[in-house]
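Trainee: Got a structure here, written out as C-alpha cells. Questions coming.
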Amino acid sequence: MADAKLSPDLFKRVTVDSTEKEKITTPALTFTQDAMRRLRQNKVAVVSLWIIIIIAIISIVTIFITPADPNKGNLAYTNLPPKIANWNIPGFNGYQDGINKYAGLGKNVWFLLGTDYLGRDLLSRIFVGTRVSLIIALVATLFDLTIGVSYGIISGWIGGRVDTVMQRIIEIVSSVPNLVVAILMLLVFKPGMTSIILAIGLTGWITMARLIRAQTLQLRDQEFILAAKTVGETGPKIAWRHLVPNLSSIIIIQTMFTIPTAIFFEAFLSYIGIGLPAPTASLGTLLSDGQKALQTQPYQLIYPAIVIVVLMLAFNLLADGLRDAFDPKSQR
Amino acid sequence: MIKYILKRVGYLILTLFLVASITFFLMKLLPGTPFNNPKLPPDQIVALKAQYGLDKPVWQQYLSYMLGLLHGDMGMSFQFSGQSVSYLIMSRIGPSLQLGLQAMILGTLLGILLGAVAAIRKNTWVDSVATIFAILGRSIPNFVFAALLQFFLAYKLRLFPIALWDGFSSSILPTIALAMAPLANTARFMRTEMVDVLNSDYIELARSKGETRWQTVANHALRNSMIPIVTIIGPMAVDLMVGSLVVENVFAIPGIGEQFVKSITTNDYPVIMGLTIMYSFMLTVVILIVDILYGIIDPRIRLNEEAN
C-alpha cells in the first residue's frame, strides 16, 4: 500500500446540498394505496382476483344466455356423457364404457359437460348454480359483516358490564358448532334462499365481532378519539367516522375469509338435503346430485367439484394476499 | 388455578343449560310432527302424542325434559320406537370418536411435519409444495374429497372397502377425508410459529454454541413452536364434528354424524335435540381442557388470566 502514490488532484470536492437531501422523490402513498401496491406485487393474489372477476362476469352474463334451459329436463337425453360437436376428444366424445350414448339422437345433439338424470344440461346448471352460490355467499357475508361489526364496536366501545354480558353471549353461542345452529334454524324456517342466507349470516358473525372488539378496545383510548369526544361528537358518529375507517383493513380481510366459508356452508347444507329445494341449482345441490350418480356418471360430480374448488381456492388465496398487503407485519 | 377451573366449569354448566333450553323451544316451534302420516286415524295420533307426552302443556314438557337431562335421559326416539335417545347416541358414538381421534392424530402429526419442513426450507420449492397442500386442504370441501377418495381408491382401484364399518381397514378412507381440515390448519399455524421461533435469539445462541441446524430444530424450535398448536385444538374439534356429519354419510358409517343427518330428514326431534346437546357438551369440554392445559404448558398465559 505504501508504494501507491496519491496526489491531491485525484480527489474531487463534493458539496452536499442540504435541500436536496430533504426532497421527496416518490409520491406520498396513503395506507390503502400502499396496501394495493403490495397486493399487486403478489402474483397469486392478482391471478385469484382475475379468476373471481371472470367467474362473476360469466355468472352474470348467463342470466341472459345459457346453452340450454337449466331447469327443463328432457327424458330422451338423460345421463348423457360430455360431448363437443363431433370431435373425437377422449372424455368429451359421448362414449361411456365404450358405448356411444349419443347413438340415435341425431348429429346436432351434444352437451359440453353432459346431462343429469333428468336430461338437464349440466353446463347450464353449473352456470346457474355458481351464480346462486355466489349470491348466497355474498349476501350472507354482508349480513354477518353488519352484525359482527356493530356487535364488536358496541361491546368494545361501551365496555364495562355491557361488554361482559355481550362476551358471555358470544362464548355461549360459540360453544355450539355453527353448522348445528344453522341446521336447527333451517329446520324452523322454510327451506329456501332467504333462510339459508339467514342461517349462515346469523351464525358466522362471531369471529368478526371478536376481532372488531379487540381492535376497538385498542383504538378507544387513542388521542384522535379523545379529540373527537372533546369536540363533542356523539358515540354513533365517532363509531362511523373514526372507528370504522380505522377498522377497515380487519373488516376487508375477515370478509374475504368469510365468503369461502359461506360458499362451503351453502354447499354443505344443500348436500345433506336441507338446503335449496329442487329444482333450483346451486353448487351444493349439483354436488349432492352428482354424488348419487358417482359410480356410473362420475362427470356429474367432478365438474361441479372443480368449480367449487377453484372458487374456494381463489377466494382463500386472495384473502391471504389481502391480509399480507394490509397487515405486512403478520405474515401468516 | 382451582378457582379458575371452578369458574369455568360453572360457565360450562350454564352454557349447556342455555343450549338445551334454546334447542327445546326451537324444536317446539318446528312445523309438522313425525306423526302427520295421513294414514293414521285421529285417535291413534292422540294415543301416540300421549305416549310421548306431547299432549301436556309446553312448560311441563320442558320441566320433565330438563329433569330427565340431569340423569342422562333424553327422551325416546320418534323414529325408532322403544329406543331411548341416550341409548341410540351411546351405541353410535364409538365409530365417531374413533374416526375423530384418528383424524386428529393423523392431521396434527402430518400438519406439524409439513409446517415445520416448510418453515425450515422457507421460500424454496418445499415451502411452496407444503403451502399448496395446506391451501388445497382448506379449499376442497370435505364431502367432495370423501366422495372422490371413495370413487377412485375404493371403487376404481379397490384398495379399501367402499363403505360401512367393518374393521380398521374401513376406517382408513374416512380418516383421511376427515384429517384434511386439521392437517391444513396445523400446517399453516406451525409454519408461521416455526418461522418466528427460528428467527429468535435463543435459536441463534444454540447455533453459536455449535449445534447443527437440525439439532436446534429437534431440541428447541419444534417444542417451542408446538405450544400454540394447543390453542387450535378447539376449532379443530369443531371442524371434525362438522366433517363427520357428511363423511360418515358418504361412507355409511353408523356414527352420530350419520344419525344426526338421518334425524333431520325424518323429523326425529328428540334425537336432534339430544345430539345438539351432545355436540355442545363435547365441544365445551374440549375447549375447557385445552384452556387448562394451555395454562399448565405455558404459565405466562395463566398469569395473564389471573391478573385480569
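FYI, nothing fancy with the C-alpha cells labels: chains A, B, ... in order, residues from 1 per chain, ligands from 1 as they appear.
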May I ask you to extract the residues of chain A within 9 Å of chain B, using only C-alpha atoms, and to give them as JSON, numbers by chain?

Mentor: {"A": [168, 171, 172, 173, 175, 176, 177, 178, 179, 180, 181, 183, 184, 185, 187, 188, 189, 260, 264, 267, 268, 271, 272, 273, 274, 287, 291, 294, 295, 298, 301, 302, 305, 308, 309, 310, 311, 312, 313, 314, 315, 316, 317, 330, 331, 332]}

Trainee: Dump C-alpha atoms for the selected residues as an mmCIF file, in the first residue's frame?

Mentor:
```
data_model
loop_
_atom_site.group_PDB
_atom_site.id
_atom_site.type_symbol
_atom_site.label_atom_id
_atom_site.label_comp_id
_atom_site.auth_asym_id
_atom_site.auth_seq_id
_atom_site.Cartn_x
_atom_site.Cartn_y
_atom_site.Cartn_z
ATOM 1 C CA ARG A 168 -70.648 -14.173 27.730
ATOM 2 C CA GLU A 171 -68.960 -17.593 24.489
ATOM 3 C CA ILE A 172 -72.267 -19.450 24.738
ATOM 4 C CA VAL A 173 -73.119 -19.091 21.060
ATOM 5 C CA SER A 175 -69.873 -23.388 22.105
ATOM 6 C CA VAL A 176 -72.389 -24.870 19.700
ATOM 7 C CA PRO A 177 -70.918 -25.792 16.319
ATOM 8 C CA ASN A 178 -72.034 -23.188 13.744
ATOM 9 C CA LEU A 179 -73.417 -25.773 11.421
ATOM 10 C CA VAL A 180 -75.598 -27.309 14.099
ATOM 11 C CA VAL A 181 -77.125 -23.867 14.747
ATOM 12 C CA ILE A 183 -79.246 -26.730 10.710
ATOM 13 C CA LEU A 184 -81.623 -26.012 13.597
ATOM 14 C CA MET A 185 -82.560 -22.675 12.008
ATOM 15 C CA LEU A 187 -85.480 -26.746 10.334
ATOM 16 C CA VAL A 188 -87.507 -23.892 11.821
ATOM 17 C CA PHE A 189 -87.663 -21.682 8.723
ATOM 18 C CA PRO A 260 -65.413 -19.084 1.024
ATOM 19 C CA PHE A 264 -68.858 -24.115 1.787
ATOM 20 C CA ALA A 267 -72.869 -26.485 -0.377
ATOM 21 C CA PHE A 268 -72.805 -28.458 2.861
ATOM 22 C CA TYR A 271 -75.563 -31.621 0.301
ATOM 23 C CA ILE A 272 -77.147 -33.085 3.420
ATOM 24 C CA GLY A 273 -80.546 -32.286 1.985
ATOM 25 C CA ILE A 274 -81.791 -29.258 3.928
ATOM 26 C CA LEU A 287 -72.630 -31.935 -5.859
ATOM 27 C CA GLN A 291 -72.558 -37.925 -5.686
ATOM 28 C CA LEU A 294 -70.811 -41.035 -8.931
ATOM 29 C CA GLN A 295 -70.287 -44.701 -9.777
ATOM 30 C CA PRO A 298 -68.573 -39.517 -12.417
ATOM 31 C CA LEU A 301 -69.744 -34.796 -9.565
ATOM 32 C CA ILE A 302 -66.348 -33.907 -10.967
ATOM 33 C CA ALA A 305 -66.451 -30.114 -7.776
ATOM 34 C CA ILE A 308 -66.327 -25.106 -6.204
ATOM 35 C CA VAL A 309 -62.669 -25.928 -5.537
ATOM 36 C CA VAL A 310 -61.446 -23.242 -7.971
ATOM 37 C CA LEU A 311 -63.813 -20.710 -6.413
ATOM 38 C CA MET A 312 -62.798 -21.536 -2.841
ATOM 39 C CA LEU A 313 -59.090 -21.576 -3.781
ATOM 40 C CA ALA A 314 -59.362 -18.190 -5.476
ATOM 41 C CA PHE A 315 -61.153 -16.594 -2.519
ATOM 42 C CA ASN A 316 -58.783 -18.130 0.039
ATOM 43 C CA LEU A 317 -55.675 -17.092 -1.888
ATOM 44 C CA SER A 330 -48.361 -10.657 10.391
ATOM 45 C CA GLN A 331 -47.169 -12.923 7.605
ATOM 46 C CA ARG A 332 -49.471 -15.766 8.471
#
```

Trainee: Give me the residues near B:Gln83 as number ranges by chain, where near means some atom within 12 Å (using only C-alpha atoms) and where sequence neighbours in that chain fewer than 6 positions away do not count.

Mentor: B: 73-77, 89-91, 270-271

Trainee: Taking 6 positions as the minimum chain separation for residues in the same chain, which residues sit within 8 Å of stretch 289-294 of chain B when counting only C-alpha atoms? Answer as a count of residues only.

Mentor: 7

Trainee: Which residue out of A:Ile251, A:Leu217, A:Ile158, A:Leu123 has the minimum interatomic distance to A:Leu145 when only C-alpha atoms are used?

Mentor: A:Ile251

Trainee: List the neighbours of stretch 192-208 of chain A out to 8 Å using only C-alpha atoms; skip same-chain residues closer than 4 positions along the sequence, and give me the result as a PyMOL selection string.

Mentor: chain A and resi 136-137+139-145+147-149+152+170+174+178-179+181-183+185-186+212+251+254+258+262+265-266+275-277
